[in-house]
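**Q** Coordinates in data24.pdb, PDB, C-alpha atoms, are listed below.
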ATOM      1  CA  GLU S 175      13.751  66.913  16.310  1.00  0.00           C
ATOM      2  CA  TRP S 176      15.970  68.295  19.047  1.00  0.00           C
ATOM      3  CA  SER S 177      17.898  66.153  21.479  1.00  0.00           C
ATOM      4  CA  PHE S 178      21.006  66.523  23.582  1.00  0.00           C
ATOM      5  CA  LEU S 179      22.821  63.845  21.542  1.00  0.00           C
ATOM      6  CA  SER S 180      22.087  65.610  18.251  1.00  0.00           C
ATOM      7  CA  CYS S 181      23.481  68.829  19.705  1.00  0.00           C
ATOM      8  CA  ILE S 182      26.790  67.182  20.551  1.00  0.00           C
ATOM      9  CA  GLY S 183      27.026  65.559  17.097  1.00  0.00           C
ATOM     10  CA  MET S 184      25.987  61.985  17.890  1.00  0.00           C
ATOM     11  CA  PRO S 185      23.943  60.315  15.103  1.00  0.00           C
ATOM     12  CA  LYS S 186      20.398  59.350  15.913  1.00  0.00           C
ATOM     13  CA  GLY S 187      19.939  55.744  17.103  1.00  0.00           C
ATOM     14  CA  ILE S 188      23.316  55.492  18.836  1.00  0.00           C
ATOM     15  CA  ARG S 189      23.082  55.072  22.591  1.00  0.00           C
ATOM     16  CA  LEU S 190      25.753  55.966  25.039  1.00  0.00           C
ATOM     17  CA  ALA S 191      26.554  53.142  27.378  1.00  0.00           C
ATOM     18  CA  PRO S 192      27.898  53.765  30.829  1.00  0.00           C
ATOM     19  CA  PRO S 193      31.704  53.424  30.951  1.00  0.00           C
ATOM     20  CA  GLY S 194      32.828  49.822  31.369  1.00  0.00           C
ATOM     21  CA  ASN S 195      29.621  48.378  29.899  1.00  0.00           C
ATOM     22  CA  ARG S 196      30.365  48.985  26.204  1.00  0.00           C
ATOM     23  CA  ASP S 197      31.237  45.303  25.596  1.00  0.00           C
ATOM     24  CA  ASP S 198      28.049  44.195  27.329  1.00  0.00           C
ATOM     25  CA  SER S 199      26.049  46.645  25.234  1.00  0.00           C
ATOM     26  CA  SER S 200      27.503  45.400  21.908  1.00  0.00           C
ATOM     27  CA  ASP S 201      26.955  41.795  23.055  1.00  0.00           C
ATOM     28  CA  ASP S 202      23.340  42.653  23.846  1.00  0.00           C
ATOM     29  CA  MET S 203      22.990  44.274  20.411  1.00  0.00           C
ATOM     30  CA  ARG S 204      24.398  41.167  18.734  1.00  0.00           C
ATOM     31  CA  LYS S 205      22.016  38.954  20.749  1.00  0.00           C
ATOM     32  CA  VAL S 206      19.043  41.054  19.648  1.00  0.00           C
ATOM     33  CA  GLN S 207      20.176  40.954  16.012  1.00  0.00           C
ATOM     34  CA  ARG S 208      20.794  37.190  16.184  1.00  0.00           C
ATOM     35  CA  ARG S 209      17.358  36.595  17.732  1.00  0.00           C
ATOM     36  CA  GLU S 210      15.691  38.727  15.057  1.00  0.00           C
ATOM     37  CA  LYS S 211      17.569  36.913  12.298  1.00  0.00           C
ATOM     38  CA  ASN S 212      16.621  33.565  13.844  1.00  0.00           C
ATOM     39  CA  ARG S 213      12.959  34.641  14.188  1.00  0.00           C
ATOM     40  CA  ILE S 214      12.841  35.569  10.482  1.00  0.00           C
ATOM     41  CA  ALA S 215      14.531  32.284   9.474  1.00  0.00           C
ATOM     42  CA  ALA S 216      12.055  30.281  11.589  1.00  0.00           C
ATOM     43  CA  GLN S 217       9.139  32.184  10.051  1.00  0.00           C
ATOM     44  CA  LYS S 218      10.423  31.440   6.529  1.00  0.00           C
ATOM     45  CA  SER S 219      10.935  27.790   7.444  1.00  0.00           C
ATOM     46  CA  ARG S 220       7.351  27.485   8.757  1.00  0.00           C
ATOM     47  CA  LEU S 221       6.049  29.149   5.593  1.00  0.00           C
ATOM     48  CA  ARG S 222       7.995  26.705   3.384  1.00  0.00           C
ATOM     49  CA  GLN S 223       6.730  23.786   5.473  1.00  0.00           C
ATOM     50  CA  THR S 224       3.123  24.986   5.089  1.00  0.00           C
ATOM     51  CA  GLN S 225       3.559  25.436   1.328  1.00  0.00           C
ATOM     52  CA  LYS S 226       5.038  21.940   1.025  1.00  0.00           C
ATOM     53  CA  ALA S 227       2.119  20.471   3.002  1.00  0.00           C
ATOM     54  CA  ASP S 228      -0.349  22.330   0.761  1.00  0.00           C
ATOM     55  CA  THR S 229       1.392  21.012  -2.369  1.00  0.00           C
ATOM     56  CA  LEU S 230       1.365  17.444  -1.036  1.00  0.00           C
ATOM     57  CA  HIS S 231      -2.325  17.777  -0.168  1.00  0.00           C
ATOM     58  CA  LEU S 232      -3.158  18.924  -3.714  1.00  0.00           C
ATOM     59  CA  GLU S 233      -1.073  16.094  -5.217  1.00  0.00           C
ATOM     60  CA  SER S 234      -2.835  13.611  -2.942  1.00  0.00           C
ATOM     61  CA  GLU S 235      -6.263  14.843  -4.049  1.00  0.00           C
ATOM     62  CA  ASP S 236      -5.210  14.620  -7.701  1.00  0.00           C
ATOM     63  CA  LEU S 237      -3.941  11.054  -7.240  1.00  0.00           C
ATOM     64  CA  GLU S 238      -7.196  10.102  -5.497  1.00  0.00           C
ATOM     65  CA  ARG S 239      -9.162  11.418  -8.503  1.00  0.00           C
ATOM     66  CA  GLN S 240      -6.915   9.523 -10.938  1.00  0.00           C
ATOM     67  CA  ASN S 241      -7.260   6.366  -8.854  1.00  0.00           C
ATOM     68  CA  ALA S 242     -11.060   6.636  -8.851  1.00  0.00           C
ATOM     69  CA  ALA S 243     -11.092   7.181 -12.636  1.00  0.00           C
ATOM     70  CA  LEU S 244      -8.866   4.141 -13.184  1.00  0.00           C
ATOM     71  CA  ARG S 245     -11.073   2.010 -10.938  1.00  0.00           C
ATOM     72  CA  ARG S 246     -14.123   3.071 -12.981  1.00  0.00           C
ATOM     73  CA  GLU S 247     -12.262   2.178 -16.191  1.00  0.00           C
ATOM     74  CA  ILE S 248     -11.290  -1.249 -14.789  1.00  0.00           C
ATOM     75  CA  LYS S 249     -14.915  -1.887 -13.866  1.00  0.00           C
ATOM     76  CA  GLN S 250     -16.116  -0.874 -17.346  1.00  0.00           C
ATOM     77  CA  LEU S 251     -13.467  -3.001 -19.103  1.00  0.00           C
ATOM     78  CA  THR S 252     -14.291  -5.983 -16.880  1.00  0.00           C
ATOM     79  CA  GLU S 253     -17.970  -5.689 -17.827  1.00  0.00           C
ATOM     80  CA  GLU S 254     -17.006  -5.399 -21.499  1.00  0.00           C
ATOM     81  CA  MET S 255     -14.789  -8.481 -21.233  1.00  0.00           C
ATOM     82  CA  LYS S 256     -17.663 -10.457 -19.622  1.00  0.00           C
ATOM     83  CA  HIS S 257     -19.965  -9.357 -22.445  1.00  0.00           C
ATOM     84  CA  PHE S 258     -17.516 -10.475 -25.134  1.00  0.00           C
ATOM     85  CA  ALA S 259     -16.817 -13.763 -23.335  1.00  0.00           C
ATOM     86  CA  SER S 260     -20.565 -14.409 -23.207  1.00  0.00           C
ATOM     87  CA  MET S 261     -20.927 -13.586 -26.921  1.00  0.00           C
ATOM     88  CA  LEU S 262     -18.025 -15.918 -27.758  1.00  0.00           C
ATOM     89  CA  SER S 263     -19.371 -18.792 -25.691  1.00  0.00           C
ATOM     90  CA  SER S 264     -22.811 -18.505 -27.319  1.00  0.00           C
ATOM     91  CA  HIS S 265     -21.208 -18.301 -30.782  1.00  0.00           C
ATOM     92  CA  GLU S 266     -18.770 -21.233 -30.485  1.00  0.00           C
ATOM     93  CA  PRO S 267     -21.368 -24.061 -30.749  1.00  0.00           C
ATOM     94  CA  LEU S 268     -22.785 -22.480 -33.920  1.00  0.00           C
ATOM     95  CA  CYS S 269     -19.473 -21.547 -35.567  1.00  0.00           C
ATOM     96  CA  SER S 270     -18.938 -23.316 -38.901  1.00  0.00           C
ATOM     97  CA  ILE S 271     -15.227 -22.479 -38.913  1.00  0.00           C
ATOM     98  CA  LEU S 272     -14.658 -24.265 -35.633  1.00  0.00           C
ATOM     99  CA  THR S 273     -16.704 -27.347 -36.635  1.00  0.00           C
ATOM    100  CA  SER S 274     -15.314 -27.839 -40.184  1.00  0.00           C
ATOM    101  CA  PRO S 275     -11.847 -29.236 -40.954  1.00  0.00           C
ATOM    102  CA  PRO S 276      -9.163 -26.708 -41.868  1.00  0.00           C
ATOM    103  CA  PRO S 277      -8.781 -25.940 -45.597  1.00  0.00           C
ATOM    104  CA  PRO S 278      -5.784 -27.408 -47.446  1.00  0.00           C
ATOM    105  CA  PRO S 279      -2.699 -25.156 -47.669  1.00  0.00           C
ATOM    106  CA  GLU S 280      -3.085 -24.560 -51.428  1.00  0.00           C
ATOM    107  CA  VAL S 281      -6.418 -22.868 -50.763  1.00  0.00           C
ATOM    108  CA  LEU S 282      -4.917 -20.657 -48.128  1.00  0.00           C
ATOM    109  CA  TYR S 283      -1.907 -19.694 -50.262  1.00  0.00           C
ATOM    110  CA  ALA S 284      -3.480 -19.693 -53.721  1.00  0.00           C
ATOM    111  CA  THR S 285      -1.910 -17.249 -56.160  1.00  0.00           C
ATOM    112  CA  HIS S 286      -4.227 -14.673 -57.588  1.00  0.00           C
ATOM    113  CA  SER S 287      -3.718 -12.674 -60.754  1.00  0.00           C
ATOM    114  CA  PHE S 288      -3.782  -9.408 -58.798  1.00  0.00           C
ATOM    115  CA  HIS S 289      -0.730 -10.549 -56.811  1.00  0.00           C
ATOM    116  CA  GLN S 290       1.546 -10.683 -59.893  1.00  0.00           C
ATOM    117  CA  PRO S 291       0.797  -7.695 -62.140  1.00  0.00           C
ATOM    118  CA  HIS S 292       4.489  -6.950 -62.622  1.00  0.00           C
ATOM    119  CA  ILE S 293       5.175 -10.196 -64.541  1.00  0.00           C
ATOM    120  CA  SER S 294       3.043  -9.108 -67.495  1.00  0.00           C
ATOM    121  CA  SER S 295       4.648  -5.671 -67.445  1.00  0.00           C
ATOM    122  CA  PRO S 296       6.713  -4.944 -70.632  1.00  0.00           C
ATOM    123  CA  ARG S 297       9.886  -4.164 -68.743  1.00  0.00           C
ATOM    124  CA  PHE S 298      10.028  -7.753 -67.370  1.00  0.00           C
ATOM    125  CA  GLN S 299       9.647  -9.246 -70.861  1.00  0.00           C
ATOM    126  CA  HIS S 300      13.178 -10.055 -72.093  1.00  0.00           C
TER     127      HIS S 300
END
As structure tokens, please, write out the structure in this file.
**A**
Amino acid sequence: EWSFLSCIGMPKGIRLAPPGNRDDSSDDMRKVQRREKNRIAAQKSRLRQTQKADTLHLESEDLERQNAALRREIKQLTEEMKHFASMLSSHEPLCSILTSPPPPPEVLYATHSFHQPHISSPRFQH
């Protein structure tokens, strides 16, 4: 592509500023670059904020599901406990263990032949 600037050896994209305005032109260029950099940073920040909100929303939904499951489990266990309490209360008046005196200690701790097989073993015979 032909242009006057390319004919005199100036690279494409470089603009000639009027004399005395070169500092203003480079300041303007820096402002434009800073604004662009800031625009990109703000865009990235908004994207991160949106992703964080999405993650928190998913975590919240998961915790709601877990909470509902735990509430169902509590309800089921409460019903089970009521059932067992009812069974126990209807069994207690009929229970022979609760109405009879406790057995003597020798009955509870009686030695049985199967508890001492090692005594009749030949290696204990001295």
**Q** Between CA of Lys249 in chain S and CA of Glu233 in chain S, what is the distance in Å, rounded to a tenth?
**A**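 Interatomic distance, CA of Lys249 in chain S to CA of Glu233 in chain S: 24.3 Å.
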**Q** To one decimal place in Å, what is the distance between CA of Asp197 in chain S and CA of Lys211 in chain S?
**A**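 CA of Lys211 in chain S lies at a distance of 20.8 Å from CA of Asp197 in chain S.
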**Q** Give me, please, the distance in Å between CA of Asp228 in chain S and CA of Ala242 in chain S, quoted to one decimal.
**A** 21.3 Å
**Q** Draw an axis-aligned box over all listed atoms of range 221-234 of chain S, pad each side with 8 Å, and write its centre and edge lengths in Å, one decimal, as AutoDock Vina command-line options.
**A**
--center_x 2.4 --center_y 21.4 --center_z 0.2 --size_x 27.2 --size_y 31.5 --size_z 26.8
